[in-house]
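K.L.:
I have a structure here, written as structure tokens, and I will follow up with some questions on it.
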Amino acid sequence: MKAIILHSRFWIKLFLVLILQLLAVNKPSPAQPAANLTESMKKQRIVSARIQSPTRVEVTLAHRLKMMVASDFSIEPAAGVKNVQALDSTHLVLTTDPLDVRKNYRLQIKNAGSKALLHDGILDQFYSEKLLGYRREGEQGAFRLFAPRALQVKLVLFETYDATTGREFAMQRDNDGIWEFLTAENLTGKFYGYRIAGPAGEGEIYDDSKIVADPYSQAVTTSNHYRHPGKTLILPEDNFNWEGDTFMKIAMEDLIIYEMHVRDLTAHPSSGVAPELRGTYRGLIQPGAKGGIDYIKSLGVNAAEFLPIHDFGNLEIPYEEAIASGASGPNIYARNHWGYMTSYFFAPESYYATNGTMAPDKWNGVDGRQVREFKEVVKAFHRARIAVLLDVVYNHVSQYDQNPFKLIDKKYFFRLDGDQNFLSKSGCGNDLKTERAMARRLILESVEFWMREYHIDGFRFDLAAMIDWETCDAILQRARALNPHAIIIAEGWGGGGYTPAEHSQHGWAAWNDQIRNGVKGWQPTGKGDQGFIFGKWKSGTTMKSLHSYVTGTLKEDGGLFQHKSHSINYLESHDDHTLGDFIRIASGEVGAEQVIIDVDANAKLSPRQMRMNKLAALFLFTSQGPTMMHEGQEFARSKVIAKTAVPDPHAGQIDHNSYNKDNETNWINFQHAEMNRELVDYYRGLIALRQAHRAFRWSEKSDVEFLSSENELALGYQLHRKSSGDTHDFIVLMNGHTGKPAVFKMPAGEWEVVANEQKAGVTSLGKFKGGKFTIMPTGGVVMRRR
């Protein structure tokens, strides 16, 4: 009897559940004023309310909908709600009276509270092809600014960079949101900015008491303050003599990239650069110096990738102020050394000019010399047959600076949450809304500007997963239209996305973190996080993975890329530990939190560290795909946190994130390069070998024949010359095992060694004919068929 009662209760409950489900899925037609029913008894609230067109508002609720009718909704100031449609259990569409894009509104929902309406899709109606910024047009000078929601914009002209008042002129707005002022006055050498007034209300940050420099500034003068206030400098007509210079034409397969920072290459006294030029554009190209361009050229690389040189916010909020205010990520140095906080996308960084300074409240860029000096850099690198790539940051801006786009129209240019706060999925700052038409136009025109005006050969896009695909496609198309050999590289992650494979599908190259992790590892102290050179398998890595890395980490082999030319192979970048420090720590010879007493002794490689560094380099430079190395990788650079006046509790320890240190932590110490000359020469030899032989750059997967060994951590292969057009076949043998030799049966023929555990290059280091060949632990060789 008890079983029968329980059985009946089961069917009753099931019947009630089915009824509730039917009520939840049967949505009313668009003509019906009522939204869906739900069983939710939780307190309802509005998560977001976005204006998508003049008469359409999209609403997201926290919980499933109750029965609602149009009379449950009201919008202030007076705007009627005509219809309510449920898209699903928590999303509504309101049809409203026409809403004004330059007014703010608040939505009230019965029993759900209220929320300020966010102007979203409604802003997509604004677009213009008018030229922006300042420019000479015939006998007139034209100032144009895109600010679609502004109520008033005034142009302010200043006689000097530090003037606090200037002449003000009202600008006129057209229907596309462009504000314009024309004048016949010659304004060369003058400075200007804008005062922008806009609607008040929740989420708004318009402030016409502030001077906003032109976002299209080609030269900007800025004050040394974390707000980075600036004025635009009107330059004379460009008369720079390029002397016939043009783009470098380097195939992707042939690229050997040296990632570098302008200041780091010459700021240290050991660079041999004149004291007044250290850390500057001109110091970088001073002839005859130990550091700078002559050093880069001596390595044999053919491309230099500059960490950001777009004008950026150099300073961050003072540490004590950040702590007191509860600001996220307080920075004890209050500095941004690397440059990943762009303020002006058309202007070169002025701190690197010969009159640059970081003295508090002083001004940089006062005479615009940074423009000419960076052009000199590009011309000098091209003369040295080195392409110039720029690391560019179009995905976010600083949380702290007075970025013009924040004050021009926050709601147009940035991704915002439902409470109209800046989103920071980048983890670095305020995320740009790249999908907006005029934001996309800005990015495309910035890319084109640097190519036309500075002869830039390519770009690496920071956190490129945060740039929408339509913009990505347009970037590639625009760049390749100007230069068919333009180099376009993605850092294929950011904002929670991981997109190297997708970027390859869109025709982009991307950083290959798979080869980085498989060969080196991910974390030097993490369990299962060390790679092949440590005689280990990084979690998820197998011999099949190593085979894939050798042939270009192709999608067809479980890798990432459509073509090997998309795989930017690297083991070290500006991020995380240097390769040398990773090896120091993961080998157990230096503690992760150990305080280094003797920096020079730490920099000097032990025999074991030397072998690991060489094996890593050999793997990198013999794999198919463009190659990248970071400054100092060639001598196993160590980033020991320098002891300075800043009370850094980690001073003396090895740094894994040196973004904020404009000091000897980052500056290249060329004495350390001399101490580890053996490794520097090994890199030079591998680069020369790769440059001399197409087999390491142009071989197809079918040209690679893998060789077997009983050693489970031994990798060997023969490169047949069929597809590459090389004059030789090659054999590459590597043993990642730290304690056991590896024996390979060699293909028939006469071979000569061109790289081994001691040296690398293009000259013979010995001969070998048939039989078996033994590779010692943590070692490798390259042989060329005679």
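Letters A, B, ... go to the chains of the structure tokens in the order shown; residues in each chain start at 1; ligands are counted from 1 in the same order.
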Give the helix (DSSP H, G or I) residues of region 347-560 of chain A, as DSSP finds them on the backbone, and put them as an NGL selection string.
P.N.:
:A and (369-383 or 404-413 or 437-454 or 464-466 or 469-482 or 500-505 or 513-519 or 532-534 or 543-551 or 555-557)
K.L.:
Can I get the selection written as a PDB file, in the first residue's frame, with C-alpha atoms?
P.N.:
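Written out: selection-v9.pdb:
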ATOM      1  CA  ARG A 369      61.541  65.819 -32.014  1.00  0.00           C
ATOM      2  CA  GLN A 370      60.362  62.289 -31.184  1.00  0.00           C
ATOM      3  CA  VAL A 371      58.749  62.131 -34.631  1.00  0.00           C
ATOM      4  CA  ARG A 372      61.977  62.716 -36.542  1.00  0.00           C
ATOM      5  CA  GLU A 373      64.067  60.623 -34.174  1.00  0.00           C
ATOM      6  CA  PHE A 374      61.899  57.539 -34.499  1.00  0.00           C
ATOM      7  CA  LYS A 375      61.890  57.868 -38.276  1.00  0.00           C
ATOM      8  CA  GLU A 376      65.689  57.893 -38.060  1.00  0.00           C
ATOM      9  CA  VAL A 377      65.499  54.624 -36.126  1.00  0.00           C
ATOM     10  CA  VAL A 378      63.384  52.933 -38.801  1.00  0.00           C
ATOM     11  CA  LYS A 379      65.645  54.160 -41.599  1.00  0.00           C
ATOM     12  CA  ALA A 380      68.763  52.955 -39.773  1.00  0.00           C
ATOM     13  CA  PHE A 381      67.294  49.510 -39.117  1.00  0.00           C
ATOM     14  CA  HIS A 382      66.266  49.188 -42.757  1.00  0.00           C
ATOM     15  CA  ARG A 383      69.797  50.111 -43.840  1.00  0.00           C
ATOM     16  CA  PRO A 404      40.943  61.047 -24.765  1.00  0.00           C
ATOM     17  CA  PHE A 405      38.403  58.374 -25.632  1.00  0.00           C
ATOM     18  CA  LYS A 406      37.179  58.212 -22.052  1.00  0.00           C
ATOM     19  CA  LEU A 407      36.325  61.909 -22.109  1.00  0.00           C
ATOM     20  CA  ILE A 408      35.116  62.013 -25.714  1.00  0.00           C
ATOM     21  CA  ASP A 409      32.511  59.276 -25.333  1.00  0.00           C
ATOM     22  CA  LYS A 410      32.989  56.471 -22.861  1.00  0.00           C
ATOM     23  CA  LYS A 411      29.803  54.733 -23.983  1.00  0.00           C
ATOM     24  CA  TYR A 412      30.817  54.689 -27.638  1.00  0.00           C
ATOM     25  CA  PHE A 413      34.435  53.572 -27.378  1.00  0.00           C
ATOM     26  CA  ALA A 437      32.621  51.349 -36.639  1.00  0.00           C
ATOM     27  CA  MET A 438      34.604  54.447 -35.673  1.00  0.00           C
ATOM     28  CA  ALA A 439      36.808  52.474 -33.269  1.00  0.00           C
ATOM     29  CA  ARG A 440      37.533  50.051 -36.092  1.00  0.00           C
ATOM     30  CA  ARG A 441      38.262  52.989 -38.370  1.00  0.00           C
ATOM     31  CA  LEU A 442      40.713  54.364 -35.789  1.00  0.00           C
ATOM     32  CA  ILE A 443      42.594  51.039 -35.632  1.00  0.00           C
ATOM     33  CA  LEU A 444      42.775  50.690 -39.415  1.00  0.00           C
ATOM     34  CA  GLU A 445      43.913  54.271 -39.894  1.00  0.00           C
ATOM     35  CA  SER A 446      46.511  53.888 -37.150  1.00  0.00           C
ATOM     36  CA  VAL A 447      47.959  50.784 -38.818  1.00  0.00           C
ATOM     37  CA  GLU A 448      47.989  52.521 -42.195  1.00  0.00           C
ATOM     38  CA  PHE A 449      49.514  55.697 -40.718  1.00  0.00           C
ATOM     39  CA  TRP A 450      52.504  53.873 -39.231  1.00  0.00           C
ATOM     40  CA  MET A 451      53.071  52.042 -42.486  1.00  0.00           C
ATOM     41  CA  ARG A 452      52.855  55.156 -44.670  1.00  0.00           C
ATOM     42  CA  GLU A 453      54.519  57.704 -42.407  1.00  0.00           C
ATOM     43  CA  TYR A 454      57.103  55.514 -40.635  1.00  0.00           C
ATOM     44  CA  ALA A 464      44.441  39.977 -30.076  1.00  0.00           C
ATOM     45  CA  ALA A 465      41.663  37.631 -28.940  1.00  0.00           C
ATOM     46  CA  MET A 466      39.906  40.796 -27.732  1.00  0.00           C
ATOM     47  CA  TRP A 469      37.000  39.277 -36.250  1.00  0.00           C
ATOM     48  CA  GLU A 470      35.648  41.873 -38.667  1.00  0.00           C
ATOM     49  CA  THR A 471      38.352  44.250 -37.499  1.00  0.00           C
ATOM     50  CA  CYS A 472      41.000  41.515 -37.684  1.00  0.00           C
ATOM     51  CA  ASP A 473      40.073  40.772 -41.283  1.00  0.00           C
ATOM     52  CA  ALA A 474      40.100  44.459 -42.162  1.00  0.00           C
ATOM     53  CA  ILE A 475      43.543  44.943 -40.572  1.00  0.00           C
ATOM     54  CA  LEU A 476      45.074  42.176 -42.676  1.00  0.00           C
ATOM     55  CA  GLN A 477      43.406  43.463 -45.829  1.00  0.00           C
ATOM     56  CA  ARG A 478      44.464  47.086 -45.246  1.00  0.00           C
ATOM     57  CA  ALA A 479      48.061  46.220 -44.353  1.00  0.00           C
ATOM     58  CA  ARG A 480      48.581  43.800 -47.241  1.00  0.00           C
ATOM     59  CA  ALA A 481      47.111  46.322 -49.690  1.00  0.00           C
ATOM     60  CA  LEU A 482      49.938  48.707 -48.731  1.00  0.00           C
ATOM     61  CA  PRO A 500      45.834  31.150 -32.285  1.00  0.00           C
ATOM     62  CA  ALA A 501      43.979  28.575 -34.401  1.00  0.00           C
ATOM     63  CA  GLU A 502      41.207  31.006 -35.300  1.00  0.00           C
ATOM     64  CA  HIS A 503      43.708  33.742 -36.156  1.00  0.00           C
ATOM     65  CA  SER A 504      45.448  31.296 -38.477  1.00  0.00           C
ATOM     66  CA  GLN A 505      42.111  30.593 -40.131  1.00  0.00           C
ATOM     67  CA  ASP A 513      52.743  28.912 -26.889  1.00  0.00           C
ATOM     68  CA  GLN A 514      52.553  25.165 -27.522  1.00  0.00           C
ATOM     69  CA  ILE A 515      56.188  24.898 -28.603  1.00  0.00           C
ATOM     70  CA  ARG A 516      57.156  27.242 -25.771  1.00  0.00           C
ATOM     71  CA  ASN A 517      55.474  25.065 -23.159  1.00  0.00           C
ATOM     72  CA  GLY A 518      56.486  21.743 -24.649  1.00  0.00           C
ATOM     73  CA  VAL A 519      60.178  22.566 -24.975  1.00  0.00           C
ATOM     74  CA  PHE A 532      61.660  18.538 -22.895  1.00  0.00           C
ATOM     75  CA  ILE A 533      64.953  20.256 -22.025  1.00  0.00           C
ATOM     76  CA  PHE A 534      64.500  19.143 -18.397  1.00  0.00           C
ATOM     77  CA  MET A 543      56.713  12.752 -28.601  1.00  0.00           C
ATOM     78  CA  LYS A 544      53.952  13.283 -31.138  1.00  0.00           C
ATOM     79  CA  SER A 545      53.720  16.876 -29.873  1.00  0.00           C
ATOM     80  CA  LEU A 546      57.442  17.392 -30.472  1.00  0.00           C
ATOM     81  CA  HIS A 547      57.042  16.046 -34.008  1.00  0.00           C
ATOM     82  CA  SER A 548      54.266  18.573 -34.531  1.00  0.00           C
ATOM     83  CA  TYR A 549      56.435  21.465 -33.305  1.00  0.00           C
ATOM     84  CA  VAL A 550      59.197  20.510 -35.725  1.00  0.00           C
ATOM     85  CA  THR A 551      56.862  20.665 -38.729  1.00  0.00           C
ATOM     86  CA  LYS A 555      46.216  21.856 -37.317  1.00  0.00           C
ATOM     87  CA  GLU A 556      46.192  18.532 -39.150  1.00  0.00           C
ATOM     88  CA  ASP A 557      48.554  17.133 -36.513  1.00  0.00           C
TER      89      ASP A 557
END
K.L.:
Using only C-alpha atoms, find each residue of region 284-381 of chain A with at least one atom at most 8 Å away from an atom of region 228-247 of chain A; report its shortest atom-to-atom pair and that distance in Å (one decimal), sort the rows by chain and rising residue number, and return the result as JSON lines.
P.N.:
{"residue": "A:Gly313", "atom": "CA", "partner": "A:His228", "partner_atom": "CA", "distance": 5.9}
{"residue": "A:Asn314", "atom": "CA", "partner": "A:His228", "partner_atom": "CA", "distance": 7.8}
{"residue": "A:Leu315", "atom": "CA", "partner": "A:His228", "partner_atom": "CA", "distance": 7.6}
{"residue": "A:Val366", "atom": "CA", "partner": "A:Leu233", "partner_atom": "CA", "distance": 7.7}
{"residue": "A:Asp367", "atom": "CA", "partner": "A:Leu233", "partner_atom": "CA", "distance": 7.8}
{"residue": "A:Gly368", "atom": "CA", "partner": "A:Leu233", "partner_atom": "CA", "distance": 7.1}
{"residue": "A:Arg372", "atom": "CA", "partner": "A:Phe240", "partner_atom": "CA", "distance": 7.1}
{"residue": "A:Lys379", "atom": "CA", "partner": "A:Asp245", "partner_atom": "CA", "distance": 6.7}
